[in-house]
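Have a look at run.tsv below; it lists TSV, C-alpha atoms and all ligand atoms.
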chain	number	residue	atom	x	y	z
A	1	ALA	CA	0.00	0.00	0.00
A	2	PRO	CA	1.25	3.54	-0.64
A	3	TYR	CA	2.66	5.26	2.41
A	4	LEU	CA	0.45	7.80	4.09
A	5	ALA	CA	2.19	9.62	6.95
A	6	ALA	CA	0.49	9.60	10.37
A	7	ALA	CA	-1.88	12.53	10.73
A	8	ASP	CA	-0.69	13.30	14.27
A	9	ARG	CA	3.02	13.28	13.40
A	10	TYR	CA	3.64	16.85	14.54
A	11	GLU	CA	1.95	16.52	17.89
A	12	SER	CA	4.57	14.90	20.06
A	13	THR	CA	8.21	15.97	19.69
A	14	GLY	CA	8.32	19.77	19.48
A	15	TYR	CA	10.99	21.49	17.37
A	16	ARG	CA	14.10	23.55	18.05
A	17	ARG	CA	15.72	26.48	16.29
A	18	VAL	CA	19.31	25.95	15.12
A	19	GLY	CA	21.34	28.84	16.52
A	20	THR	CA	19.95	32.16	15.33
A	21	SER	CA	19.10	30.81	11.87
A	22	GLY	CA	15.72	30.04	10.35
A	23	LEU	CA	16.51	26.32	10.31
A	24	ILE	CA	14.31	24.27	12.64
A	25	LEU	CA	15.11	20.69	13.59
A	26	PRO	CA	13.41	18.00	15.64
A	27	PRO	CA	15.10	17.31	19.00
A	28	ILE	CA	15.92	13.81	17.76
A	29	SER	CA	17.15	13.35	14.20
A	30	LEU	CA	17.96	10.07	12.46
A	31	GLY	CA	21.32	9.27	10.85
A	32	LEU	CA	21.75	6.75	8.04
A	33	TRP	CA	25.46	6.03	8.53
A	34	TRP	CA	25.29	2.35	9.21
A	35	ASN	CA	21.90	0.64	9.09
A	36	PHE	CA	20.75	1.84	5.67
A	37	GLY	CA	23.29	0.44	3.24
A	38	ASP	CA	23.15	-2.82	1.33
A	39	ASN	CA	24.04	-4.56	4.62
A	40	ARG	CA	20.44	-4.39	5.87
A	41	PRO	CA	17.11	-5.40	4.31
A	42	PHE	CA	15.44	-2.58	2.41
A	43	ASP	CA	12.09	-3.29	4.06
A	44	THR	CA	13.60	-2.87	7.53
A	45	GLN	CA	15.10	0.45	6.52
A	46	ARG	CA	11.81	1.58	5.10
A	47	GLU	CA	9.95	0.58	8.25
A	48	ILE	CA	12.38	2.59	10.40
A	49	LEU	CA	12.21	5.69	8.19
A	50	ARG	CA	8.42	5.63	7.99
A	51	HIS	CA	8.18	5.14	11.74
A	52	ALA	CA	10.56	8.04	12.33
A	53	PHE	CA	8.62	10.44	10.13
A	54	ASP	CA	5.32	9.27	11.61
A	55	HIS	CA	6.69	10.34	15.00
A	56	GLY	CA	7.82	13.79	13.99
A	57	ILE	CA	11.43	13.07	13.00
A	58	THR	CA	11.71	15.41	10.05
A	59	HIS	CA	15.49	15.26	9.67
A	60	PHE	CA	17.45	12.46	7.99
A	61	ASP	CA	21.23	12.79	7.89
A	62	LEU	CA	23.33	11.18	5.17
A	63	ALA	CA	26.79	11.44	3.64
A	64	ASN	CA	28.37	10.39	0.36
A	65	ASN	CA	30.06	7.35	1.88
A	66	TYR	CA	27.30	5.96	4.14
A	67	GLY	CA	26.46	2.34	3.50
A	68	PRO	CA	28.19	-0.04	3.28
A	69	PRO	CA	29.18	0.01	0.48
A	70	TYR	CA	29.85	3.72	0.00
A	71	GLY	CA	26.96	5.48	-1.70
A	72	SER	CA	24.41	2.77	-0.97
A	73	ALA	CA	22.66	4.62	1.88
A	74	GLU	CA	22.01	7.56	-0.45
A	75	GLU	CA	20.85	5.16	-3.18
A	76	ASN	CA	18.46	3.34	-0.84
A	77	PHE	CA	17.24	6.62	0.56
A	78	GLY	CA	16.67	7.89	-2.98
A	79	ARG	CA	14.52	4.85	-3.67
A	80	MET	CA	12.54	5.61	-0.52
A	81	MET	CA	12.15	9.24	-1.59
A	82	ARG	CA	10.59	8.09	-4.84
A	83	THR	CA	8.30	5.46	-3.34
A	84	ASP	CA	7.36	6.87	0.07
A	85	PHE	CA	8.42	10.43	0.76
A	86	LYS	CA	7.97	12.23	-2.55
A	87	ALA	CA	4.83	14.01	-1.39
A	88	TYR	CA	6.60	15.01	1.82
A	89	ARG	CA	9.77	16.57	0.39
A	90	ASN	CA	8.91	20.01	1.76
A	91	GLU	CA	8.39	18.54	5.23
A	92	LEU	CA	11.87	17.02	5.34
A	93	ILE	CA	15.35	18.27	6.16
A	94	ILE	CA	17.80	16.05	4.29
A	95	SER	CA	21.52	16.49	4.72
A	96	SER	CA	24.63	15.14	3.03
A	97	LYS	CA	28.36	15.67	3.35
A	98	ALA	CA	31.73	15.31	1.71
A	99	GLY	CA	35.11	15.21	3.42
A	100	TRP	CA	36.03	11.59	4.07
A	101	ASP	CA	37.34	9.18	1.44
A	102	MET	CA	34.84	8.51	-1.32
A	103	TRP	CA	36.57	7.60	-4.59
A	104	PRO	CA	40.17	6.75	-5.50
A	105	GLY	CA	42.76	9.35	-6.35
A	106	PRO	CA	43.53	12.82	-5.06
A	107	TYR	CA	40.10	14.31	-5.88
A	108	GLY	CA	37.89	12.01	-3.81
A	109	ASN	CA	38.72	13.10	-0.25
A	110	LEU	CA	39.12	16.05	2.14
A	111	GLY	CA	38.19	19.67	1.41
A	112	SER	CA	39.07	20.79	-2.09
A	113	ARG	CA	36.60	22.62	-4.28
A	114	LYS	CA	37.11	19.90	-6.89
A	115	TYR	CA	35.99	17.17	-4.48
A	116	ILE	CA	33.14	18.95	-2.71
A	117	LEU	CA	31.36	20.14	-5.85
A	118	ALA	CA	31.70	16.81	-7.67
A	119	SER	CA	30.65	14.82	-4.62
A	120	ALA	CA	27.59	16.97	-3.97
A	121	ASP	CA	26.41	16.37	-7.55
A	122	GLU	CA	26.88	12.63	-7.12
A	123	SER	CA	24.94	12.66	-3.81
A	124	LEU	CA	22.05	14.55	-5.39
A	125	ALA	CA	21.96	12.07	-8.28
A	126	ARG	CA	21.96	9.04	-5.93
A	127	MET	CA	19.13	10.48	-3.85
A	128	GLY	CA	17.23	11.77	-6.86
A	129	LEU	CA	17.02	15.25	-5.33
A	130	ASP	CA	17.41	18.73	-6.81
A	131	TYR	CA	18.83	20.05	-3.57
A	132	VAL	CA	19.73	19.02	-0.03
A	133	ASP	CA	18.61	21.06	2.93
A	134	ILE	CA	22.01	21.01	4.61
A	135	PHE	CA	25.40	20.27	3.04
A	136	TYR	CA	28.42	19.78	5.29
A	137	SER	CA	32.16	19.87	5.00
A	138	HIS	CA	32.52	16.51	6.76
A	139	ARG	CA	35.88	17.22	8.39
A	140	PRO	CA	38.54	19.93	8.48
A	141	ASP	CA	41.28	19.87	5.84
A	142	LEU	CA	44.22	21.82	7.16
A	143	ASP	CA	46.11	21.66	3.84
A	144	THR	CA	43.38	23.36	1.81
A	145	PRO	CA	42.69	27.07	2.37
A	146	ILE	CA	39.57	27.49	4.45
A	147	GLU	CA	38.39	30.06	1.87
A	148	GLU	CA	38.38	27.31	-0.77
A	149	THR	CA	36.42	24.76	1.29
A	150	ILE	CA	33.87	27.27	2.57
A	151	GLY	CA	33.76	28.89	-0.86
A	152	ALA	CA	32.68	25.53	-2.31
A	153	LEU	CA	29.82	25.38	0.22
A	154	ASP	CA	28.82	28.92	-0.78
A	155	THR	CA	28.78	27.84	-4.43
A	156	LEU	CA	26.41	24.97	-3.60
A	157	VAL	CA	23.98	27.41	-2.01
A	158	ARG	CA	24.21	29.88	-4.89
A	159	LYS	CA	23.58	27.10	-7.40
A	160	GLY	CA	20.49	26.02	-5.46
A	161	LYS	CA	22.00	22.64	-4.57
A	162	ALA	CA	21.92	23.28	-0.81
A	163	LEU	CA	19.71	25.53	1.31
A	164	TYR	CA	21.98	25.67	4.36
A	165	VAL	CA	25.60	24.72	4.95
A	166	GLY	CA	27.53	23.47	7.93
A	167	ILE	CA	30.74	21.87	9.12
A	168	SER	CA	31.53	18.72	11.05
A	169	SER	CA	34.30	17.97	13.56
A	170	TYR	CA	36.07	21.32	13.12
A	171	SER	CA	38.05	22.57	16.15
A	172	PRO	CA	36.87	25.75	17.88
A	173	GLU	CA	39.62	27.76	16.15
A	174	ARG	CA	38.91	26.35	12.69
A	175	THR	CA	35.18	26.84	13.30
A	176	ALA	CA	35.67	30.52	14.09
A	177	GLN	CA	37.75	30.97	10.92
A	178	ALA	CA	35.18	29.11	8.81
A	179	ALA	CA	32.31	31.16	10.25
A	180	ALA	CA	34.12	34.42	9.48
A	181	VAL	CA	34.83	33.37	5.89
A	182	ALA	CA	31.24	32.20	5.38
A	183	LYS	CA	29.83	35.43	6.75
A	184	GLU	CA	32.05	37.43	4.41
A	185	LEU	CA	30.72	35.39	1.48
A	186	GLY	CA	27.13	36.01	2.57
A	187	THR	CA	26.35	32.35	3.20
A	188	PRO	CA	26.42	31.90	6.96
A	189	LEU	CA	27.35	28.54	8.46
A	190	VAL	CA	24.30	27.61	10.49
A	191	ILE	CA	25.22	24.29	12.05
A	192	HIS	CA	28.12	22.27	13.39
A	193	GLN	CA	27.93	18.47	13.64
A	194	PRO	CA	30.35	17.27	16.32
A	195	SER	CA	30.60	13.98	18.17
A	196	TYR	CA	29.15	14.52	21.64
A	197	SER	CA	27.93	12.18	24.34
A	198	MET	CA	28.11	11.79	28.10
A	199	LEU	CA	31.36	9.89	27.52
A	200	ASN	CA	32.82	12.28	24.93
A	201	ARG	CA	32.61	15.88	26.08
A	202	TRP	CA	35.30	17.59	23.96
A	203	VAL	CA	32.81	20.17	22.63
A	204	GLU	CA	32.48	21.68	26.09
A	205	ASP	CA	36.11	22.81	25.88
A	206	GLY	CA	35.46	25.83	23.68
A	207	LEU	CA	33.39	24.63	20.73
A	208	LEU	CA	29.92	25.23	22.20
A	209	ASN	CA	30.94	28.76	23.20
A	210	THR	CA	32.36	29.46	19.74
A	211	LEU	CA	29.11	28.27	18.18
A	212	SER	CA	26.95	30.54	20.30
A	213	GLU	CA	29.27	33.49	19.59
A	214	HIS	CA	28.63	32.92	15.88
A	215	GLY	CA	24.91	32.25	16.17
A	216	MET	CA	25.46	28.65	15.09
A	217	GLY	CA	23.58	25.60	16.36
A	218	SER	CA	24.76	22.03	16.79
A	219	ILE	CA	23.68	18.46	16.17
A	220	ALA	CA	25.43	15.76	18.20
A	221	PHE	CA	26.57	12.61	16.42
A	222	THR	CA	27.22	9.24	18.09
A	223	PRO	CA	25.21	10.37	21.15
A	224	LEU	CA	24.83	6.78	22.39
A	225	ALA	CA	28.50	5.86	21.83
A	226	GLN	CA	27.26	3.52	19.08
A	227	GLY	CA	25.17	1.55	21.58
A	228	LEU	CA	27.39	1.51	24.66
A	229	LEU	CA	25.12	4.13	26.30
A	230	THR	CA	22.08	1.84	25.99
A	231	ASN	CA	21.08	-1.44	27.57
A	232	LYS	CA	22.27	-3.31	24.47
A	233	TYR	CA	25.68	-4.39	25.75
A	234	LEU	CA	25.21	-4.00	29.51
A	235	GLY	CA	25.06	-7.47	31.00
A	236	ASP	CA	24.86	-9.15	27.59
A	237	ASP	CA	28.20	-10.51	26.43
A	238	SER	CA	26.67	-11.98	23.30
A	239	ALA	CA	25.23	-8.72	21.90
A	240	THR	CA	26.66	-7.70	18.53
A	241	PRO	CA	26.18	-4.56	16.46
A	242	ALA	CA	23.60	-4.72	13.68
A	243	GLY	CA	24.84	-4.77	10.12
A	244	GLY	CA	28.39	-5.73	11.04
A	245	ARG	CA	29.47	-2.39	12.50
A	246	ASN	CA	32.76	-3.25	14.19
A	247	SER	CA	33.69	0.32	15.14
A	248	VAL	CA	31.62	-0.05	18.31
A	249	GLN	CA	34.25	-2.41	19.77
A	250	ALA	CA	36.51	0.53	20.60
A	251	HIS	CA	33.89	1.82	23.04
A	252	LEU	CA	33.33	-1.49	24.81
A	253	THR	CA	36.05	-1.24	27.46
A	254	GLU	CA	35.74	-2.21	31.12
A	255	GLU	CA	36.24	1.43	32.10
A	256	ASN	CA	33.38	2.55	29.87
A	257	PHE	CA	31.13	-0.26	31.08
A	258	ALA	CA	31.71	0.88	34.67
A	259	LYS	CA	30.68	4.42	33.72
A	260	ALA	CA	27.68	3.16	31.77
A	261	ARG	CA	26.51	1.14	34.77
A	262	ALA	CA	26.81	4.15	37.07
A	263	LEU	CA	24.90	6.28	34.56
A	264	ALA	CA	22.24	3.59	34.22
A	265	ALA	CA	21.59	3.93	37.96
A	266	ILE	CA	20.98	7.68	37.53
A	267	ALA	CA	18.71	6.93	34.59
A	268	GLU	CA	16.72	4.52	36.72
A	269	SER	CA	16.28	7.11	39.46
A	270	ARG	CA	14.78	9.44	36.84
A	271	GLY	CA	12.50	6.75	35.48
A	272	GLN	CA	14.46	6.60	32.21
A	273	SER	CA	16.50	4.01	30.37
A	274	LEU	CA	20.21	4.66	29.85
A	275	ALA	CA	19.62	5.58	26.19
A	276	GLN	CA	16.89	8.02	27.23
A	277	LEU	CA	19.18	9.62	29.82
A	278	ALA	CA	22.00	9.96	27.25
A	279	ILE	CA	19.69	11.75	24.81
A	280	ALA	CA	17.89	13.88	27.41
A	281	TRP	CA	21.21	15.06	28.83
A	282	LEU	CA	22.37	16.32	25.41
A	283	LEU	CA	19.09	18.25	25.07
A	284	ARG	CA	19.36	19.87	28.53
A	285	ASP	CA	19.53	23.67	28.84
A	286	GLY	CA	22.75	24.79	27.20
A	287	GLY	CA	23.03	21.57	25.23
A	288	VAL	CA	22.67	20.92	21.51
A	289	SER	CA	19.97	21.84	18.97
A	290	SER	CA	19.35	18.22	17.97
A	291	VAL	CA	20.59	14.74	18.84
A	292	LEU	CA	21.53	12.62	15.83
A	293	ILE	CA	20.90	9.00	16.70
A	294	GLY	CA	21.30	5.79	14.75
A	295	ALA	CA	18.78	2.94	15.06
A	296	SER	CA	18.48	-0.59	13.72
A	297	SER	CA	14.83	-1.11	14.73
A	298	THR	CA	11.62	0.78	15.38
A	299	ALA	CA	11.74	-0.46	18.99
A	300	GLN	CA	15.04	1.40	19.51
A	301	LEU	CA	13.50	4.47	17.93
A	302	ASP	CA	10.49	4.33	20.24
A	303	GLU	CA	12.64	3.94	23.32
A	304	ASN	CA	14.82	6.87	22.24
A	305	LEU	CA	11.83	9.12	21.52
A	306	GLY	CA	10.74	8.43	25.08
A	307	ALA	CA	13.68	10.59	26.21
A	308	LEU	CA	11.72	13.69	25.26
A	309	THR	CA	9.29	13.47	28.14
A	310	ASN	CA	12.03	14.51	30.58
A	311	THR	CA	14.96	16.63	29.44
A	312	SER	CA	15.39	18.77	32.55
A	313	PHE	CA	17.96	18.02	35.21
A	314	THR	CA	18.51	19.05	38.81
A	315	SER	CA	21.92	20.46	39.65
A	316	GLU	CA	22.49	17.38	41.82
A	317	GLU	CA	21.89	15.10	38.85
A	318	LEU	CA	24.21	17.16	36.66
A	319	ASP	CA	26.92	17.05	39.33
A	320	LEU	CA	26.58	13.29	39.65
A	321	ILE	CA	26.86	12.85	35.89
A	322	ASN	CA	29.95	15.09	35.84
A	323	LYS	CA	31.56	13.02	38.59
A	324	ILE	CA	31.08	9.86	36.57
A	325	THR	CA	31.98	11.21	33.15
A	326	ILE	CA	34.67	13.87	33.61
A	327	PRO	CA	38.02	12.15	34.14
A	401	LIG	P1	24.51	6.34	18.15
A	401	LIG	O1	25.55	6.62	19.18
A	401	LIG	O2	23.14	6.86	18.34
A	401	LIG	O3	24.48	4.75	17.96
A	401	LIG	C1	23.41	4.16	17.28
A	401	LIG	C2	23.38	2.68	17.56
A	401	LIG	O4	23.14	2.44	18.95
A	401	LIG	C3	22.26	2.00	16.85
A	401	LIG	O5	22.61	1.68	15.51
A	401	LIG	C4	22.02	0.77	17.71
A	401	LIG	O6	23.01	-0.21	17.50
A	401	LIG	C5	22.26	1.36	19.09
A	401	LIG	N1	21.01	1.85	19.69
A	401	LIG	C6	20.33	2.98	19.42
A	401	LIG	N2	19.26	3.10	20.21
A	401	LIG	C7	19.24	2.00	20.99
A	401	LIG	C8	18.39	1.56	22.03
A	401	LIG	N3	17.33	2.27	22.41
A	401	LIG	N4	18.67	0.36	22.63
A	401	LIG	C9	19.74	-0.36	22.26
A	401	LIG	N5	20.61	0.02	21.28
A	401	LIG	C10	20.35	1.20	20.67
A	401	LIG	O7	24.93	6.97	16.78
A	401	LIG	P2	25.75	6.52	15.47
A	401	LIG	O8	27.16	6.29	15.79
A	401	LIG	O9	24.97	5.49	14.77
A	401	LIG	O10	25.67	7.88	14.68
A	401	LIG	C11	24.42	8.48	14.44
A	401	LIG	C12	24.51	9.32	13.20
A	401	LIG	O11	25.46	10.37	13.37
A	401	LIG	C13	25.01	8.59	11.96
A	401	LIG	O12	24.00	7.82	11.35
A	401	LIG	C14	25.45	9.73	11.11
A	401	LIG	O13	24.31	10.34	10.51
A	401	LIG	C15	26.05	10.67	12.13
A	401	LIG	N6	27.52	10.53	12.23
A	401	LIG	C16	28.28	11.55	11.76
A	401	LIG	C17	29.64	11.49	11.79
A	401	LIG	C18	30.43	12.65	11.27
A	401	LIG	O14	31.63	12.54	11.08
A	401	LIG	N7	29.82	13.80	11.05
A	401	LIG	C19	30.36	10.31	12.32
A	401	LIG	C20	29.46	9.30	12.85
A	401	LIG	C21	28.10	9.43	12.81
A	401	LIG	P3	22.74	-1.45	16.52
A	401	LIG	O15	22.65	-0.87	15.16
A	401	LIG	O16	23.94	-2.31	16.71
A	401	LIG	O17	21.46	-2.09	16.96
If you took the structure in this file and wrote it as structure tokens, what would it be?
Amino acid sequence: APYLAAADRYESTGYRRVGTSGLILPPISLGLWWNFGDNRPFDTQREILRHAFDHGITHFDLANNYGPPYGSAEENFGRMMRTDFKAYRNELIISSKAGWDMWPGPYGNLGSRKYILASADESLARMGLDYVDIFYSHRPDLDTPIEETIGALDTLVRKGKALYVGISSYSPERTAQAAAVAKELGTPLVIHQPSYSMLNRWVEDGLLNTLSEHGMGSIAFTPLAQGLLTNKYLGDDSATPAGGRNSVQAHLTEENFAKARALAAIAESRGQSLAQLAIAWLLRDGGVSSVLIGASSTAQLDENLGALTNTSFTSEELDLINKITIP
């Protein structure tokens, strides 16, 4: 049957402004890094994306090399755009990126104008879109002039291929430089996509301040430490990542498990699961604009959406979390 989005989809999550821009995002956004390539059944992907949109998740985050294999997440998403979401294009914020390795040779990586413009065209073709809502420089490239990288983003906006532009994983210093260049060009950077979780708090050392100085917002990636900050691995030695994602292993250390267990106790005292606490904490006052989760099932999505019923924290709770998570 053709997909008809739930009529009450805008009634539950609420929405948040990104910095001082006109861009509005849901508090929880869905990333297609790992569970939307050719490694997972198309019908499962479709079920998750429909479920997300039916529950007010209007933002799907992609990149040129999401899969596996590279490009396949954008291809699968493009198929879903044609079959399911075509009528809803104006209700969606779709993002893509270039900056990590995509194709062989010197022009398929990092931050050159050559790479960014070619890659953006390929992403649009795979997704079957005329434009993306947000296009990111996926990582800093210290060997390419910042004017060139940010200039390429400005070109995408002027050509109508992106509505907004942003950067990912730039240091506070590089972010300030990029924001100044973008402003000069007349295409402000509106959003930064950094890694950020209770166990990875680097953004608090300058980046969040830099963003607010420049009117920029933020969207936190890997907020659940790829599953460590959930009940998935706690007390279950046999749990394995969906779709063969081995990068999670790096997080699964005894030290991290001890922290996760202590955090799970705080979650319980708040009537939340560990995943819900991890998400709610990122959305606390002074936190991020949106939390960019991954999910391999609609059950995970439902649990994570449950975080939104309680995103406020007492100072005692915040202190306790700091004691556990700040080395
Ligand atoms: P998360 O930290 O949210 O990890 C998601 C994984 O955690 C899921 O795939 C699932 O693992 C597990 N999980 C989620 N919810 C639950 C739950 N309720 N119970 C149990 N397990 C759960 O984020 P990701 O690392 O997946 O990154 C999210 C997005 O961020 C990416 O899709 C991408 O869009 C973006 N990103 C951006 C980067 C950048 O450089 N800009 C880098 C990395 C990510 P499983 O699949 O094994 O079931």
Mind running chain A against ligand LIG 401 (chain A) at 7 Å and telling me each contacting residue's nearest atom pair with the distance in Å (one decimal), counting only C-alpha atoms and all ligand atoms, chain and number ascending, as CSV?
residue,atom,partner,partner_atom,distance
A:Leu30,CA,A:LIG401,O12,6.5
A:Gly31,CA,A:LIG401,O12,3.1
A:Leu32,CA,A:LIG401,O12,4.1
A:Trp33,CA,A:LIG401,O12,3.6
A:Trp34,CA,A:LIG401,O12,6.0
A:Asn35,CA,A:LIG401,O15,6.3
A:Asp61,CA,A:LIG401,O13,4.7
A:Leu62,CA,A:LIG401,O13,5.5
A:His138,CA,A:LIG401,N7,5.7
A:Arg139,CA,A:LIG401,O14,6.9
A:Ser168,CA,A:LIG401,N7,5.2
A:Ser169,CA,A:LIG401,O14,6.5
A:Gln193,CA,A:LIG401,N7,5.7
A:Pro194,CA,A:LIG401,N7,6.3
A:Ser195,CA,A:LIG401,C19,6.9
A:Phe221,CA,A:LIG401,O11,3.9
A:Thr222,CA,A:LIG401,O1,3.3
A:Pro223,CA,A:LIG401,O1,4.2
A:Leu224,CA,A:LIG401,O1,3.3
A:Ala225,CA,A:LIG401,O1,4.0
A:Gln226,CA,A:LIG401,O3,3.2
A:Gly227,CA,A:LIG401,O4,3.4
A:Thr230,CA,A:LIG401,C9,4.9
A:Asn231,CA,A:LIG401,C9,5.6
A:Lys232,CA,A:LIG401,C9,4.5
A:Thr240,CA,A:LIG401,O16,6.3
A:Pro241,CA,A:LIG401,O16,3.2
A:Ala242,CA,A:LIG401,O16,3.9
A:Gly243,CA,A:LIG401,O15,6.7
A:Arg245,CA,A:LIG401,O16,7.0
A:Ala275,CA,A:LIG401,N3,5.5
A:Leu292,CA,A:LIG401,O11,5.2
A:Ile293,CA,A:LIG401,O2,3.5
A:Gly294,CA,A:LIG401,C1,3.7
A:Ala295,CA,A:LIG401,C3,4.0
A:Ser296,CA,A:LIG401,O15,4.4
A:Gln300,CA,A:LIG401,N3,3.8
A:Leu301,CA,A:LIG401,N3,6.3
A:Glu303,CA,A:LIG401,N3,5.1
A:Asn304,CA,A:LIG401,N3,5.2
Could you name the residues that touch segment 89-103 of chain A at 7 Å or less, counting all atoms listed in the file, but leaving out those on the same chain fewer than 4 positions away, as a ChimeraX atom specification? /A:58-65,85,108-111,116,119,132-139
Any chance you can output those residues with C-alpha atoms as a tab-separated table (two decimals), in the coordinates of the input?
chain	number	residue	atom	x	y	z
A	58	THR	CA	11.71	15.41	10.05
A	59	HIS	CA	15.49	15.26	9.67
A	60	PHE	CA	17.45	12.46	7.99
A	61	ASP	CA	21.23	12.79	7.89
A	62	LEU	CA	23.33	11.18	5.17
A	63	ALA	CA	26.79	11.44	3.64
A	64	ASN	CA	28.37	10.39	0.36
A	65	ASN	CA	30.06	7.35	1.88
A	85	PHE	CA	8.42	10.43	0.76
A	108	GLY	CA	37.89	12.01	-3.81
A	109	ASN	CA	38.72	13.10	-0.25
A	110	LEU	CA	39.12	16.05	2.14
A	111	GLY	CA	38.19	19.67	1.41
A	116	ILE	CA	33.14	18.95	-2.71
A	119	SER	CA	30.65	14.82	-4.62
A	132	VAL	CA	19.73	19.02	-0.03
A	133	ASP	CA	18.61	21.06	2.93
A	134	ILE	CA	22.01	21.01	4.61
A	135	PHE	CA	25.40	20.27	3.04
A	136	TYR	CA	28.42	19.78	5.29
A	137	SER	CA	32.16	19.87	5.00
A	138	HIS	CA	32.52	16.51	6.76
A	139	ARG	CA	35.88	17.22	8.39
I'd like the neighbourhood of Gly128 of chain A as a ChimeraX atom specification, where a residue qualifies if any of its atoms comes within 9 Å (using all atoms listed in the file), though same-chain residues fewer than 4 positions away should be ignored. /A:75,78-79,81-82,123-124
Dump C-alpha atoms for the selected residues as a PDB file, in the coordinates of the input?
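Output saved as result.pdb:
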ATOM      1  CA  GLU A  75      20.850   5.160  -3.180  1.00  0.00           C
ATOM      2  CA  GLY A  78      16.670   7.890  -2.980  1.00  0.00           C
ATOM      3  CA  ARG A  79      14.520   4.850  -3.670  1.00  0.00           C
ATOM      4  CA  MET A  81      12.150   9.240  -1.590  1.00  0.00           C
ATOM      5  CA  ARG A  82      10.590   8.090  -4.840  1.00  0.00           C
ATOM      6  CA  SER A 123      24.940  12.660  -3.810  1.00  0.00           C
ATOM      7  CA  LEU A 124      22.050  14.550  -5.390  1.00  0.00           C
TER       8      LEU A 124
END
For a quick check of understanding, using all atoms listed in the file, which of A:Ala52, A:Ile57, A:Met198, A:Ile150 has the smallest distance to Ala178 of chain A? A:Ile150
Write out as a PyMOL selection string each polymer residue whose atoms come within 7 Å of Thr149 of chain A, counting all atoms listed in the file; drop sequence neighbours fewer than 4 positions from it. chain A and resi 111-113+145+153
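The spacing separating atom CA of Val18 of chain A from atom CA of Leu199 of chain A amounts to 23.6 Å.
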When you count all atoms listed in the file, which of these residues is closest to Arg201 of chain A: A:Ser21, A:Pro26, A:Phe77, A:Ala220? A:Ala220
Can I get segment 261-273 of chain A with N, CA and C atoms filled in, as a PDB file, keeping the file's coordinate frame?
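Saved result, selection_28.pdb, follows:
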ATOM      1  N   ARG A 261      27.324   1.704  33.690  1.00  0.00           N
ATOM      2  CA  ARG A 261      26.510   1.140  34.770  1.00  0.00           C
ATOM      3  C   ARG A 261      26.137   2.214  35.793  1.00  0.00           C
ATOM      4  N   ALA A 262      27.087   3.069  36.114  1.00  0.00           N
ATOM      5  CA  ALA A 262      26.810   4.150  37.070  1.00  0.00           C
ATOM      6  C   ALA A 262      25.767   5.116  36.496  1.00  0.00           C
ATOM      7  N   LEU A 263      25.878   5.387  35.206  1.00  0.00           N
ATOM      8  CA  LEU A 263      24.900   6.280  34.560  1.00  0.00           C
ATOM      9  C   LEU A 263      23.527   5.620  34.489  1.00  0.00           C
ATOM     10  N   ALA A 264      23.518   4.308  34.282  1.00  0.00           N
ATOM     11  CA  ALA A 264      22.240   3.590  34.220  1.00  0.00           C
ATOM     12  C   ALA A 264      21.492   3.704  35.546  1.00  0.00           C
ATOM     13  N   ALA A 265      22.238   3.774  36.652  1.00  0.00           N
ATOM     14  CA  ALA A 265      21.590   3.930  37.960  1.00  0.00           C
ATOM     15  C   ALA A 265      20.925   5.299  38.065  1.00  0.00           C
ATOM     16  N   ILE A 266      21.593   6.331  37.539  1.00  0.00           N
ATOM     17  CA  ILE A 266      20.980   7.680  37.530  1.00  0.00           C
ATOM     18  C   ILE A 266      19.733   7.677  36.648  1.00  0.00           C
ATOM     19  N   ALA A 267      19.859   7.024  35.499  1.00  0.00           N
ATOM     20  CA  ALA A 267      18.710   6.930  34.590  1.00  0.00           C
ATOM     21  C   ALA A 267      17.525   6.307  35.326  1.00  0.00           C
ATOM     22  N   GLU A 268      17.795   5.228  36.027  1.00  0.00           N
ATOM     23  CA  GLU A 268      16.720   4.520  36.720  1.00  0.00           C
ATOM     24  C   GLU A 268      16.041   5.429  37.749  1.00  0.00           C
ATOM     25  N   SER A 269      16.860   6.228  38.449  1.00  0.00           N
ATOM     26  CA  SER A 269      16.280   7.110  39.460  1.00  0.00           C
ATOM     27  C   SER A 269      15.403   8.193  38.839  1.00  0.00           C
ATOM     28  N   ARG A 270      15.614   8.461  37.555  1.00  0.00           N
ATOM     29  CA  ARG A 270      14.780   9.440  36.840  1.00  0.00           C
ATOM     30  C   ARG A 270      13.629   8.777  36.095  1.00  0.00           C
ATOM     31  N   GLY A 271      13.544   7.464  36.204  1.00  0.00           N
ATOM     32  CA  GLY A 271      12.500   6.750  35.480  1.00  0.00           C
ATOM     33  C   GLY A 271      12.789   6.650  33.995  1.00  0.00           C
ATOM     34  N   GLN A 272      14.082   6.689  33.630  1.00  0.00           N
ATOM     35  CA  GLN A 272      14.460   6.600  32.210  1.00  0.00           C
ATOM     36  C   GLN A 272      15.375   5.395  31.984  1.00  0.00           C
ATOM     37  N   SER A 273      15.477   4.995  30.727  1.00  0.00           N
ATOM     38  CA  SER A 273      16.500   4.010  30.370  1.00  0.00           C
ATOM     39  C   SER A 273      17.818   4.758  30.156  1.00  0.00           C
TER      40      SER A 273
END
